[in-house]
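Peer 1: Dropping in structure21.cif, which is mmCIF, C-alpha atoms:
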data_upload
#
loop_
_atom_site.label_atom_id
_atom_site.label_comp_id
_atom_site.auth_asym_id
_atom_site.auth_seq_id
_atom_site.Cartn_x
_atom_site.Cartn_y
_atom_site.Cartn_z
CA MET U 228 0.00 0.00 0.00
CA SER U 229 1.33 3.38 -0.87
CA VAL U 230 2.30 5.97 1.67
CA MET U 231 -0.48 8.20 0.39
CA ARG U 232 -3.13 5.53 0.89
CA THR U 233 -1.84 4.87 4.39
CA LEU U 234 -2.01 8.55 5.29
CA PHE U 235 -5.45 8.85 3.73
CA ALA U 236 -6.71 5.91 5.78
CA VAL U 237 -5.23 7.41 8.94
CA SER U 238 -6.87 10.73 8.19
CA LEU U 239 -10.28 9.10 7.74
CA VAL U 240 -9.96 7.30 11.04
CA CYS U 241 -8.95 10.51 12.76
CA LEU U 242 -11.78 12.47 11.19
CA GLY U 243 -14.20 9.86 12.43
CA ALA U 244 -12.83 10.22 15.93
CA ALA U 245 -13.11 13.98 15.74
CA THR U 246 -16.72 13.74 14.65
CA ALA U 247 -17.53 11.39 17.50
CA SER U 248 -15.86 13.76 19.94
CA ALA U 249 -17.77 16.70 18.54
CA SER U 250 -21.03 14.88 19.20
CA VAL U 251 -20.49 15.17 22.95
CA GLY U 252 -22.68 18.12 23.77
CA PRO U 253 -25.26 19.22 26.29
CA GLU U 254 -27.09 16.34 27.88
CA VAL U 255 -30.33 15.91 25.99
CA ASP U 256 -32.77 13.45 27.47
CA ILE U 257 -35.41 13.74 24.82
CA ALA U 258 -37.43 10.76 25.98
CA THR U 259 -37.99 12.27 29.43
CA ARG U 260 -38.98 15.60 27.98
CA ALA U 261 -41.34 13.98 25.49
CA LYS U 262 -42.93 11.86 28.18
CA GLY U 263 -43.54 14.86 30.41
CA ALA U 264 -44.77 17.26 27.77
CA LYS U 265 -48.37 17.51 26.61
CA ASN U 266 -47.36 18.31 23.05
CA VAL U 267 -44.21 17.81 21.01
CA VAL U 268 -44.23 19.83 17.81
CA VAL U 269 -41.95 21.19 15.13
CA VAL U 270 -42.74 24.85 14.70
CA THR U 271 -41.80 27.99 12.84
CA VAL U 272 -42.04 31.34 14.59
CA VAL U 273 -44.39 33.55 12.58
CA ASP U 274 -44.87 36.38 15.06
CA MET U 275 -43.50 37.51 18.42
CA GLN U 276 -45.13 40.05 20.74
CA SER U 277 -43.31 41.07 23.90
CA THR U 278 -44.69 42.83 26.95
CA PHE U 279 -44.01 43.37 30.65
CA ASP U 280 -45.67 40.91 32.99
CA VAL U 281 -45.37 39.67 36.57
CA ASN U 282 -44.73 35.97 36.97
CA GLU U 283 -46.01 33.64 39.67
CA TYR U 284 -43.07 34.51 41.94
CA GLY U 285 -43.55 38.26 41.72
CA ASP U 286 -40.74 38.96 39.26
CA ARG U 287 -41.56 41.77 36.85
CA LEU U 288 -40.19 40.58 33.54
CA ILE U 289 -40.52 40.96 29.81
CA VAL U 290 -42.34 37.96 28.38
CA SER U 291 -42.87 37.09 24.74
CA HIS U 292 -45.93 35.53 23.21
CA ALA U 293 -44.77 33.60 20.17
CA LEU U 294 -47.25 32.70 17.46
CA LEU U 295 -46.01 29.43 16.06
CA GLN U 296 -46.96 27.65 12.87
CA VAL U 297 -47.03 23.93 13.60
CA ASP U 298 -45.14 22.13 10.86
CA GLU U 299 -45.33 18.69 12.45
CA THR U 300 -46.97 17.13 15.49
CA MET U 301 -45.06 14.31 17.15
CA LYS U 302 -47.24 14.14 20.24
CA GLY U 303 -50.53 15.68 21.29
CA ALA U 304 -53.48 17.21 19.52
CA ARG U 305 -52.86 18.48 16.02
CA GLU U 306 -53.15 22.23 15.75
CA GLN U 307 -52.16 24.53 12.91
CA VAL U 308 -50.92 27.31 15.13
CA VAL U 309 -50.13 27.57 18.82
CA THR U 310 -49.18 30.44 21.08
CA VAL U 311 -46.28 29.88 23.44
CA THR U 312 -45.26 32.29 26.18
CA VAL U 313 -41.60 32.49 27.12
CA GLU U 314 -39.64 34.72 29.49
CA GLY U 315 -37.44 37.27 27.76
CA GLY U 316 -37.83 39.56 24.78
CA THR U 317 -37.62 43.18 23.77
CA VAL U 318 -39.92 46.07 24.60
CA GLY U 319 -38.86 49.35 23.06
CA ASP U 320 -35.09 49.48 23.42
CA LEU U 321 -35.03 47.29 26.52
CA THR U 322 -34.15 43.60 26.11
CA LEU U 323 -34.37 40.85 28.70
CA GLU U 324 -32.25 37.75 28.15
CA VAL U 325 -32.99 34.79 30.40
CA SER U 326 -30.07 32.41 30.63
CA ASP U 327 -32.04 29.19 30.42
CA MET U 328 -34.51 30.37 27.78
CA PRO U 329 -33.37 30.56 24.17
CA MET U 330 -34.30 33.81 22.47
CA MET U 331 -36.62 33.19 19.55
CA VAL U 332 -37.12 35.46 16.59
CA LYS U 333 -39.47 35.43 13.64
CA GLY U 334 -38.47 32.71 11.20
CA ASP U 335 -36.78 30.47 13.78
CA ARG U 336 -37.60 26.75 13.63
CA ALA U 337 -37.62 24.57 16.70
CA VAL U 338 -38.80 21.37 18.25
CA MET U 339 -40.94 22.38 21.19
CA PHE U 340 -42.04 20.34 24.16
CA LEU U 341 -45.10 22.10 25.47
CA ASP U 342 -47.31 22.22 28.52
CA ALA U 343 -50.64 23.98 28.75
CA SER U 344 -50.38 27.34 30.47
CA ASN U 345 -52.84 28.21 33.19
CA ARG U 346 -53.09 31.58 31.47
CA GLY U 347 -54.05 30.05 28.13
CA GLY U 348 -51.86 28.86 25.31
CA TYR U 349 -48.67 26.94 26.07
CA VAL U 350 -45.36 27.27 27.88
CA PRO U 351 -42.21 25.25 27.19
CA HIS U 352 -42.01 22.05 29.22
CA GLY U 353 -38.99 22.37 31.51
CA ARG U 354 -38.44 26.02 30.54
CA GLY U 355 -35.52 26.23 28.10
CA LEU U 356 -35.27 22.47 27.88
CA GLY U 357 -38.57 22.58 26.03
CA VAL U 358 -37.12 24.60 23.17
CA LEU U 359 -34.68 22.94 20.79
CA LYS U 360 -33.85 25.40 18.05
CA LEU U 361 -33.08 23.77 14.72
CA ASP U 362 -30.40 24.84 12.31
CA SER U 363 -30.74 24.79 8.54
CA GLY U 364 -29.58 21.17 8.49
CA ASN U 365 -32.39 20.05 10.82
CA ARG U 366 -30.01 19.53 13.71
CA VAL U 367 -30.50 20.93 17.18
CA ALA U 368 -28.31 24.02 17.26
CA GLY U 369 -24.97 23.35 18.89
CA THR U 370 -25.41 19.58 18.92
CA SER U 371 -25.30 16.69 16.49
CA LEU U 372 -28.83 15.65 17.39
CA THR U 373 -31.04 15.47 14.31
CA LEU U 374 -34.74 16.01 13.87
CA ASP U 375 -35.06 12.41 12.66
CA GLU U 376 -33.47 11.15 15.87
CA ILE U 377 -35.91 13.20 17.92
CA ARG U 378 -38.81 11.79 15.91
CA ASN U 379 -37.62 8.27 16.65
CA ILE U 380 -37.19 8.91 20.37
CA VAL U 381 -40.57 10.57 20.70
CA ALA U 382 -42.24 7.77 18.72
CA GLN U 383 -40.65 5.11 20.94
CA GLY U 384 -41.76 6.96 24.03
CA ALA U 385 -45.30 7.27 22.73
CA GLY U 386 -45.33 3.53 22.09
CA ASN U 387 -44.33 2.82 25.65
CA GLU U 388 -47.12 4.85 27.17
CA MET R 110 2.90 9.96 -5.63
CA SER R 111 3.80 13.58 -5.30
CA ARG R 112 5.25 15.06 -2.18
CA THR R 113 2.47 17.63 -2.22
CA ARG R 114 -0.20 14.96 -1.93
CA ILE R 115 1.60 13.30 0.96
CA LEU R 116 1.84 16.61 2.75
CA ALA R 117 -1.82 17.34 2.10
CA ALA R 118 -2.83 13.96 3.49
CA ALA R 119 -0.58 14.41 6.51
CA LEU R 120 -2.05 17.86 7.11
CA THR R 121 -5.56 16.43 6.98
CA ALA R 122 -4.64 13.79 9.54
CA ALA R 123 -2.95 16.33 11.77
CA VAL R 124 -5.99 18.60 11.79
CA ALA R 125 -8.24 15.64 12.49
CA ILE R 126 -6.34 14.54 15.57
CA GLY R 127 -5.97 18.05 16.83
CA VAL R 128 -2.23 18.38 16.31
CA ILE R 129 -3.05 21.41 14.24
CA SER R 130 -6.25 22.84 15.58
CA PRO R 131 -8.10 25.33 13.43
CA LYS R 132 -9.40 28.17 15.57
CA VAL R 133 -12.96 27.36 16.52
CA ILE R 134 -15.05 29.94 18.29
CA ALA R 135 -17.43 28.06 20.56
CA TYR R 136 -18.55 30.88 22.79
CA ALA R 137 -21.28 33.41 22.15
CA THR R 138 -22.08 36.78 23.66
CA TYR R 139 -25.18 38.93 23.68
CA ALA R 140 -24.34 42.23 25.38
CA LYS R 141 -21.73 43.92 27.58
CA TRP R 142 -21.55 46.36 30.44
CA GLY R 143 -20.61 49.96 29.70
CA THR R 144 -18.30 49.96 32.71
CA LEU R 145 -15.54 47.74 34.05
CA SER R 146 -16.84 47.69 37.62
CA VAL R 147 -20.29 46.37 38.49
CA ASP R 148 -21.88 45.99 41.92
CA PHE R 149 -23.86 42.92 42.94
CA TYR R 150 -25.99 42.51 46.05
CA ILE R 151 -26.78 39.20 47.68
CA ASN R 152 -29.73 37.82 49.54
CA PRO R 153 -28.04 34.79 51.10
CA VAL R 154 -31.13 33.23 52.67
CA ASN R 155 -31.28 29.64 51.47
CA ALA R 156 -32.29 26.18 52.59
CA ASP R 157 -28.92 24.45 52.60
CA VAL R 158 -25.93 26.38 53.96
CA THR R 159 -25.30 29.23 56.35
CA GLN R 160 -25.84 32.71 55.01
CA ALA R 161 -22.18 33.50 55.58
CA ALA R 162 -21.14 30.46 53.60
CA ALA R 163 -23.51 31.30 50.77
CA THR R 164 -22.26 34.86 50.61
CA ALA R 165 -18.64 33.74 50.55
CA ALA R 166 -19.34 31.16 47.85
CA LEU R 167 -21.11 33.70 45.66
CA GLN R 168 -18.20 36.08 46.07
CA ALA R 169 -15.91 33.24 45.05
CA GLY R 170 -18.00 32.93 41.90
CA MET R 171 -17.42 36.62 41.22
CA ASN R 172 -13.72 36.20 41.81
CA VAL R 173 -13.46 33.44 39.23
CA TRP R 174 -13.95 36.12 36.60
CA ASN R 175 -12.16 38.87 38.54
CA THR R 176 -8.97 36.84 38.80
CA GLN R 177 -8.93 34.41 35.87
CA SER R 178 -10.45 36.29 32.94
CA GLY R 179 -7.40 38.36 32.10
CA THR R 180 -9.56 41.44 31.81
CA ALA R 181 -9.94 44.62 33.81
CA PHE R 182 -13.57 43.84 34.53
CA ARG R 183 -14.43 43.49 38.20
CA PHE R 184 -17.53 42.30 40.03
CA ASN R 185 -17.95 43.98 43.40
CA TYR R 186 -19.90 42.62 46.33
CA ALA R 187 -22.04 45.57 47.39
CA GLY R 188 -23.81 44.12 50.41
CA ARG R 189 -26.70 42.09 51.63
CA VAL R 190 -30.30 42.71 50.63
CA ASP R 191 -33.60 41.05 51.43
CA ASP R 192 -34.96 40.99 47.89
CA THR R 193 -37.06 37.97 47.01
CA THR R 194 -38.06 39.03 43.50
CA THR R 195 -36.29 40.41 40.46
CA SER R 196 -37.06 43.26 38.10
CA TYR R 197 -35.43 45.93 35.99
CA ASP R 198 -34.41 48.33 38.72
CA ASN R 199 -30.72 49.04 38.02
CA ARG R 200 -29.74 46.93 41.00
CA ASN R 201 -28.01 43.61 40.47
CA VAL R 202 -29.15 40.96 42.93
CA ILE R 203 -28.48 37.29 43.54
CA LEU R 204 -31.06 35.39 45.52
CA PHE R 205 -32.15 31.87 46.35
CA ARG R 206 -35.71 30.74 45.78
CA ASN R 207 -37.08 27.67 47.49
CA VAL R 208 -38.75 26.45 44.32
CA ASN R 209 -38.10 23.40 42.17
CA ASN R 210 -37.64 24.62 38.64
CA GLY R 211 -37.06 21.29 37.01
CA SER R 212 -33.51 20.72 35.87
CA THR R 213 -32.57 24.39 36.00
CA ILE R 214 -30.17 25.09 38.88
CA ALA R 215 -30.07 28.85 38.43
CA SER R 216 -31.33 31.47 36.01
CA THR R 217 -29.84 34.83 35.17
CA TYR R 218 -32.08 37.65 34.01
CA ALA R 219 -29.98 40.17 32.10
CA TRP R 220 -31.41 43.47 30.93
CA SER R 221 -29.78 45.46 28.18
CA THR R 222 -30.38 48.50 26.07
CA ASN R 223 -28.90 48.56 22.58
CA GLY R 224 -26.37 45.90 23.54
CA VAL R 225 -25.34 47.53 26.81
CA LEU R 226 -26.16 45.65 30.00
CA VAL R 227 -28.04 47.75 32.53
CA ASP R 228 -29.24 45.21 35.11
CA SER R 229 -28.63 41.55 35.94
CA ASP R 230 -30.29 39.37 38.55
CA THR R 231 -29.76 35.69 39.30
CA VAL R 232 -32.10 33.23 40.96
CA PHE R 233 -30.78 29.98 42.44
CA TRP R 234 -33.58 27.42 42.35
CA ASP R 235 -33.15 26.06 45.83
CA GLY R 236 -36.15 23.76 45.90
CA GLY R 237 -34.81 21.19 43.48
CA PHE R 238 -31.15 21.17 44.42
CA ALA R 239 -29.05 20.80 47.54
CA PHE R 240 -26.35 23.45 47.57
CA PHE R 241 -22.93 23.03 49.13
CA THR R 242 -19.94 25.33 49.44
CA GLY R 243 -16.20 24.85 49.48
CA SER R 244 -14.57 21.83 47.93
CA SER R 245 -15.71 18.85 49.97
CA GLY R 246 -18.82 17.39 51.50
CA CYS R 247 -21.01 17.62 48.44
CA GLY R 248 -23.04 14.52 47.75
CA GLY R 249 -26.40 13.07 46.88
CA GLY R 250 -28.74 13.60 44.01
CA GLY R 251 -29.25 17.15 42.86
CA ALA R 252 -26.20 18.38 44.75
CA ALA R 253 -24.21 21.35 43.50
CA TYR R 254 -21.46 23.67 44.65
CA ILE R 255 -22.57 27.28 44.79
CA GLU R 256 -19.13 28.46 43.66
CA ASP R 257 -19.38 26.61 40.36
CA VAL R 258 -22.98 27.46 39.60
CA ALA R 259 -22.24 31.08 40.50
CA ALA R 260 -19.22 31.19 38.22
CA HIS R 261 -21.43 30.06 35.36
CA GLU R 262 -24.18 32.56 36.17
CA PHE R 263 -21.71 35.43 36.53
CA GLY R 264 -20.56 34.55 33.04
CA HIS R 265 -24.10 35.22 31.88
CA ALA R 266 -24.04 38.43 33.89
CA LEU R 267 -20.96 39.47 31.92
CA GLY R 268 -22.83 39.01 28.66
CA LEU R 269 -21.80 35.48 27.76
CA GLN R 270 -24.11 32.84 26.40
CA HIS R 271 -23.58 29.11 26.58
CA SER R 272 -20.49 27.58 25.06
CA THR R 273 -20.36 24.38 23.07
CA VAL R 274 -17.06 23.44 24.74
CA PRO R 275 -18.03 20.66 27.16
CA ASP R 276 -15.57 21.58 29.94
CA ALA R 277 -16.05 25.31 29.71
CA THR R 278 -17.49 27.24 32.62
CA MET R 279 -20.16 28.42 30.21
CA ALA R 280 -21.12 24.89 29.10
CA PRO R 281 -24.85 24.57 29.73
CA SER R 282 -24.84 21.38 31.77
CA TYR R 283 -23.58 20.76 35.30
CA SER R 284 -22.62 17.36 36.70
CA THR R 285 -23.46 16.59 40.31
CA CYS R 286 -20.91 18.17 42.67
CA SER R 287 -18.67 19.22 39.81
CA GLN R 288 -15.90 21.70 40.64
CA THR R 289 -14.81 22.29 37.07
CA GLN R 290 -16.77 25.46 36.43
CA ARG R 291 -14.82 27.47 38.98
CA THR R 292 -11.86 27.25 36.64
CA LEU R 293 -12.14 29.15 33.38
CA GLU R 294 -11.27 27.37 30.16
CA ALA R 295 -9.63 29.05 27.19
CA ASP R 296 -13.00 29.43 25.51
CA ASP R 297 -14.42 31.29 28.52
CA ILE R 298 -11.42 33.60 28.60
CA ALA R 299 -11.66 34.27 24.89
CA ALA R 300 -15.34 35.08 25.33
CA VAL R 301 -14.88 37.59 28.13
CA GLN R 302 -11.85 39.14 26.48
CA SER R 303 -13.92 39.70 23.36
CA LEU R 304 -16.15 41.98 25.43
CA TYR R 305 -13.80 43.71 27.86
CA PHE R 306 -10.27 45.00 28.00
CA LYS R 307 -7.63 42.34 27.98
CA THR R 308 -5.02 42.99 30.61
CA GLU R 309 -1.32 42.98 29.87
CA ALA R 310 0.84 40.62 31.89
CA GLY R 311 1.35 42.21 35.28
CA GLY R 312 -1.28 44.91 34.98
CA ALA R 313 -4.43 46.14 33.37
CA THR R 314 -4.38 48.15 30.18
CA GLN R 315 -7.20 50.10 31.71
CA PRO R 316 -7.62 49.89 35.47
CA PRO R 317 -11.10 49.12 36.73
CA THR R 318 -13.06 52.03 38.01
CA SER R 319 -13.41 52.30 41.75
CA GLY R 320 -16.31 52.97 44.02
CA GLY R 321 -19.86 51.93 43.56
CA GLY R 322 -19.77 51.52 39.82
CA THR R 323 -21.68 53.34 37.19
CA SER R 324 -24.66 52.72 35.03
CA ALA R 325 -24.24 52.09 31.36
CA ASP R 326 -24.68 55.77 30.63
CA GLY R 327 -21.88 56.62 33.02
CA THR R 328 -24.03 58.03 35.77
CA PRO R 329 -23.59 56.78 39.34
CA ARG R 330 -25.77 53.86 40.25
CA GLN R 331 -28.68 54.65 42.52
CA HIS R 332 -28.52 52.36 45.48
CA GLY R 333 -31.04 54.19 47.61
CA SER R 334 -28.90 53.96 50.71
CA SER R 335 -25.33 53.38 51.62
CA THR R 336 -26.20 49.87 52.62
CA ALA R 337 -29.05 48.25 50.81
CA ARG R 338 -29.66 45.91 53.71
CA GLY R 339 -33.31 45.56 54.49
CA ARG R 340 -34.62 46.90 51.24
CA SER R 341 -37.08 44.81 49.41
CA LYS R 342 -38.41 44.95 45.91
CA ARG R 343 -41.83 43.87 47.00
#
What do you get writing this file as structure tokens?
Peer 2:
Amino acid sequence: MSVMRTLFAVSLVCLGAATASASVGPEVDIATRAKGAKNVVVVTVVDMQSTFDVNEYGDRLIVSHALLQVDETMKGAREQVVTVTVEGGTVGDLTLEVSDMPMMVKGDRAVMFLDASNRGGYVPHGRGLGVLKLDSGNRVAGTSLTLDEIRNIVAQGAGNE
Amino acid sequence: MSRTRILAAALTAAVAIGVISPKVIAYATYAKWGTLSVDFYINPVNADVTQAAATAALQAGMNVWNTQSGTAFRFNYAGRVDDTTTSYDNRNVILFRNVNNGSTIASTYAWSTNGVLVDSDTVFWDGGFAFFTGSSGCGGGGAAYIEDVAAHEFGHALGLQHSTVPDATMAPSYSTCSQTQRTLEADDIAAVQSLYFKTEAGGATQPPTSGGGTSADGTPRQHGSSTARGRSKR
């Protein structure tokens, strides 16, 4: 075998190792989230309205009401659009970022694990854990987790219930 | 086979195994303070450790960034308060809340105007986790060291988002009783140095401002009293 082929083979092995290493990301226990959530949907943000509100603990915060187009329903009742309320957003020139809540903007796509809100509409199940933003390659942003893998996990969980 | 091809293949292998590591930016930021000195108040009332221990551990979290970031930015402990809620009030507060918030150990609420931070509050979710301080004694499910969680949250307070580097202080997950987040990784340092002045070896290029700090517009912060003890946001 030529030196070049040997080096090429070594490089492929090493690239495979690098890819495996890169897959180690935030712990994502999708099955638990899916089991606990009322709905699991793939959505696109079509509108976002932010306002000041006081939460159940007395914190005065900016909250955002996101109007979401449901592209796919993995669990729960099928709806064309849902409204999800999340902490954080922008009112005027004032922005509130909440560390465990991903900021969503119009056009974002995400897998959302949702619970019914006692104020109407939905809230993310497990706060930020209920929002998995998708990149253009249908992977959860910052991880190697794919939308297909989430579908499989959610489907298996639904079968076990 | 040409020498060029051999070198190209060797280069590919070297990059793959990390011998030659292309610069990868894993951190992200969202805003920054308009000053290099920011005051934080603490309500140390919690369900797990003494108030003195909690206060010291939170200050240790501040000092992670004060001493390891290689910047002139400084967090200042401004005193104890009795706040139990958070809001946009130009006063930065850390408090514990005896509420189980699922898998979230702590949340930082950072307010900014046009990219300039103007207020930051942090809530430790005390109901779902058992907090410890120091470097020993931590154990059991849902156990966490305040120093490490605080270091992470103060990173958010600086304007940093989560990092994709698994061992970074700003990595989004925390392992039970981990003490890794109290030590900044290169990615954390790169993140904070992208926002604030990098210090030269042996001294700051721009010394931190002294006193009670200033608001983003440069005006003195309004604390209401020389010691905020006893004030409540309710």
Peer 1: Can you tell me how far CA of Tyr349 in chain U sits from CA of Asn266 in chain U, in Å to one decimal?
Peer 2: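 It comes out at 9.2 Å.
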Peer 1: Residues near range 218-225 of chain R, anyone? I mean within 7 Å using only C-alpha atoms, not counting same-chain ones fewer than 3 positions away, as a list of chain:residue names.
Peer 2: U:Asp320, U:Leu321, U:Thr322, U:Leu323, U:Glu324, U:Val325, U:Ser326, R:Ala140, R:Lys141, R:Trp142, R:Gly143, R:Tyr197, R:Asp228, R:Ser229, R:Asp230, R:Thr231, R:Ala266, R:Ala325
Peer 1: Produce a file of the selected residues containing C-alpha atoms, as a tab-separated table (two decimals), keeping the file's coordinate frame.
Peer 2:
chain	number	residue	atom	x	y	z
U	320	ASP	CA	-35.09	49.48	23.42
U	321	LEU	CA	-35.03	47.29	26.52
U	322	THR	CA	-34.15	43.60	26.11
U	323	LEU	CA	-34.37	40.85	28.70
U	324	GLU	CA	-32.25	37.75	28.15
U	325	VAL	CA	-32.99	34.79	30.40
U	326	SER	CA	-30.07	32.41	30.63
R	140	ALA	CA	-24.34	42.23	25.38
R	141	LYS	CA	-21.73	43.92	27.58
R	142	TRP	CA	-21.55	46.36	30.44
R	143	GLY	CA	-20.61	49.96	29.70
R	197	TYR	CA	-35.43	45.93	35.99
R	228	ASP	CA	-29.24	45.21	35.11
R	229	SER	CA	-28.63	41.55	35.94
R	230	ASP	CA	-30.29	39.37	38.55
R	231	THR	CA	-29.76	35.69	39.30
R	266	ALA	CA	-24.04	38.43	33.89
R	325	ALA	CA	-24.24	52.09	31.36
Peer 1: So how many Å separate CA of Val269 in chain U and CA of Met301 in chain U, to one decimal?
Peer 2: 7.8 Å
Peer 1: Pull the neighbourhood of (-36.3, 12.1, 10.8) for me: all residues within 12 Å in file coordinates, counting only C-alpha atoms, as a PyMOL selection string.
Peer 2: chain U and resi 269+299+301+364-366+372-382
Peer 1: Care to translate the PyMOL selection byres ((chain U and resi 368) around 12) into actual residues of this file, as a count of residues only?
Peer 2: 27
Peer 1: Would you kindly translate the PyMOL selection byres ((chain U and resi 272-284) around 6) into the concrete residues it picks from this file, as number ranges by chain?
Peer 2: U: 271, 285-295, 316, 333-335
Peer 1: Go ahead and write the selection's residues with C-alpha atoms as a PDB file, in the frame of the given file.
Peer 2:
ATOM      1  CA  THR U 271     -41.800  27.990  12.840  1.00  0.00           C
ATOM      2  CA  GLY U 285     -43.550  38.260  41.720  1.00  0.00           C
ATOM      3  CA  ASP U 286     -40.740  38.960  39.260  1.00  0.00           C
ATOM      4  CA  ARG U 287     -41.560  41.770  36.850  1.00  0.00           C
ATOM      5  CA  LEU U 288     -40.190  40.580  33.540  1.00  0.00           C
ATOM      6  CA  ILE U 289     -40.520  40.960  29.810  1.00  0.00           C
ATOM      7  CA  VAL U 290     -42.340  37.960  28.380  1.00  0.00           C
ATOM      8  CA  SER U 291     -42.870  37.090  24.740  1.00  0.00           C
ATOM      9  CA  HIS U 292     -45.930  35.530  23.210  1.00  0.00           C
ATOM     10  CA  ALA U 293     -44.770  33.600  20.170  1.00  0.00           C
ATOM     11  CA  LEU U 294     -47.250  32.700  17.460  1.00  0.00           C
ATOM     12  CA  LEU U 295     -46.010  29.430  16.060  1.00  0.00           C
ATOM     13  CA  GLY U 316     -37.830  39.560  24.780  1.00  0.00           C
ATOM     14  CA  LYS U 333     -39.470  35.430  13.640  1.00  0.00           C
ATOM     15  CA  GLY U 334     -38.470  32.710  11.200  1.00  0.00           C
ATOM     16  CA  ASP U 335     -36.780  30.470  13.780  1.00  0.00           C
TER      17      ASP U 335
END
Peer 1: Step by step, work through what the PyMOL selection byres ((chain U and resi 264) around 6) selects in the shown file, and finish by giving those residues as a ChimeraX atom specification.
Peer 2: /U:261-263,265-266,340-342,352
Peer 1: Using only C-alpha atoms, which residue out of R:Thr194, R:Ser282, R:Thr242, R:Thr213 lies closest to Gly355 in chain U?
Peer 2: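 Counting only C-alpha atoms, the residue closest to Gly355 in chain U is R:Thr213.
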Peer 1: Please define a box with edges along x, y and z of the file around all atoms of range 269-283 of chain U given in the file, extend it by 4 Å on each side, and return its centre and edge lengths in Å to one decimal, as lines of an AutoDock Vina configuration file.
Peer 2:
center_x = -43.9
center_y = 32.3
center_z = 26.1
size_x = 12.2
size_y = 30.2
size_z = 35.1
Peer 1: With all atoms listed in the file counted, which protein, DNA or RNA residues have an atom no more than 9 Å from (-23.1, 37.1, 51.9) in the file frame? Please answer as a PDB file with C-alpha atoms, in the coordinates of the input.
Peer 2:
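Contents of the output file selection_16.pdb:
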ATOM      1  CA  TYR R 150     -25.990  42.510  46.050  1.00  0.00           C
ATOM      2  CA  ILE R 151     -26.780  39.200  47.680  1.00  0.00           C
ATOM      3  CA  ASN R 152     -29.730  37.820  49.540  1.00  0.00           C
ATOM      4  CA  PRO R 153     -28.040  34.790  51.100  1.00  0.00           C
ATOM      5  CA  VAL R 154     -31.130  33.230  52.670  1.00  0.00           C
ATOM      6  CA  GLN R 160     -25.840  32.710  55.010  1.00  0.00           C
ATOM      7  CA  ALA R 161     -22.180  33.500  55.580  1.00  0.00           C
ATOM      8  CA  ALA R 162     -21.140  30.460  53.600  1.00  0.00           C
ATOM      9  CA  ALA R 163     -23.510  31.300  50.770  1.00  0.00           C
ATOM     10  CA  THR R 164     -22.260  34.860  50.610  1.00  0.00           C
ATOM     11  CA  ALA R 165     -18.640  33.740  50.550  1.00  0.00           C
ATOM     12  CA  ALA R 166     -19.340  31.160  47.850  1.00  0.00           C
ATOM     13  CA  LEU R 167     -21.110  33.700  45.660  1.00  0.00           C
ATOM     14  CA  GLN R 168     -18.200  36.080  46.070  1.00  0.00           C
ATOM     15  CA  TYR R 186     -19.900  42.620  46.330  1.00  0.00           C
ATOM     16  CA  GLY R 188     -23.810  44.120  50.410  1.00  0.00           C
ATOM     17  CA  ARG R 189     -26.700  42.090  51.630  1.00  0.00           C
TER      18      ARG R 189
END
Peer 1: Separation of CA of Gly347 in chain U and CA of Thr195 in chain R, in Å?
Peer 2: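 A separation of 24.0 Å between them.
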Peer 1: Compare U:Lys302, U:Ala343, U:Thr317, U:Thr312 by their minimum atom-to-atom distance to Ala258 in chain U, counting only C-alpha atoms, and give me the closest one.
Peer 2: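 The shortest atom-to-atom distance to Ala258 in chain U comes from U:Lys302.
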Peer 1: Have a look at R:Asn155, R:Ser244, R:Asn175, R:Thr193 and name the one nearest to chain U; count only C-alpha atoms.
Peer 2: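 Comparing R:Asn155, R:Ser244, R:Asn175, R:Thr193 against chain U, the winner is R:Thr193.
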Peer 1: Determine the nearest neighbour of Val173 in chain R from the options R:Thr278, R:Asn199, R:Thr285, R:Thr217, counting all atoms listed in the file.
Peer 2: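 Closest candidate: R:Thr278.
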Peer 1: Counting only C-alpha atoms, figure out which residue out of U:Asp298, U:Gly353, U:Glu306, U:Ser344 gets nearest to chain R.
Peer 2: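 Among the listed residues, the smallest separation from chain R belongs to U:Gly353.
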Peer 1: Residues of range 138-183 of chain R that approach range 296-309 of chain R to 10 Å or less, counting only C-alpha atoms: could you list each one with the shortest pair of atoms and its distance in Å to one decimal, rows by chain and increasing residue number, as CSV?
Peer 2:
residue,atom,partner,partner_atom,distance
R:Thr138,CA,R:Ala300,CA,7.1
R:Tyr139,CA,R:Leu304,CA,9.7
R:Ala140,CA,R:Leu304,CA,8.2
R:Lys141,CA,R:Leu304,CA,6.3
R:Trp142,CA,R:Leu304,CA,8.6
R:Gly143,CA,R:Tyr305,CA,9.4
R:Thr144,CA,R:Tyr305,CA,9.1
R:Leu145,CA,R:Tyr305,CA,7.6
R:Trp174,CA,R:Val301,CA,8.6
R:Gln177,CA,R:Ile298,CA,7.7
R:Ser178,CA,R:Ile298,CA,5.2
R:Gly179,CA,R:Thr308,CA,5.4
R:Thr180,CA,R:Lys307,CA,4.4
R:Ala181,CA,R:Phe306,CA,5.8
R:Phe182,CA,R:Tyr305,CA,6.7
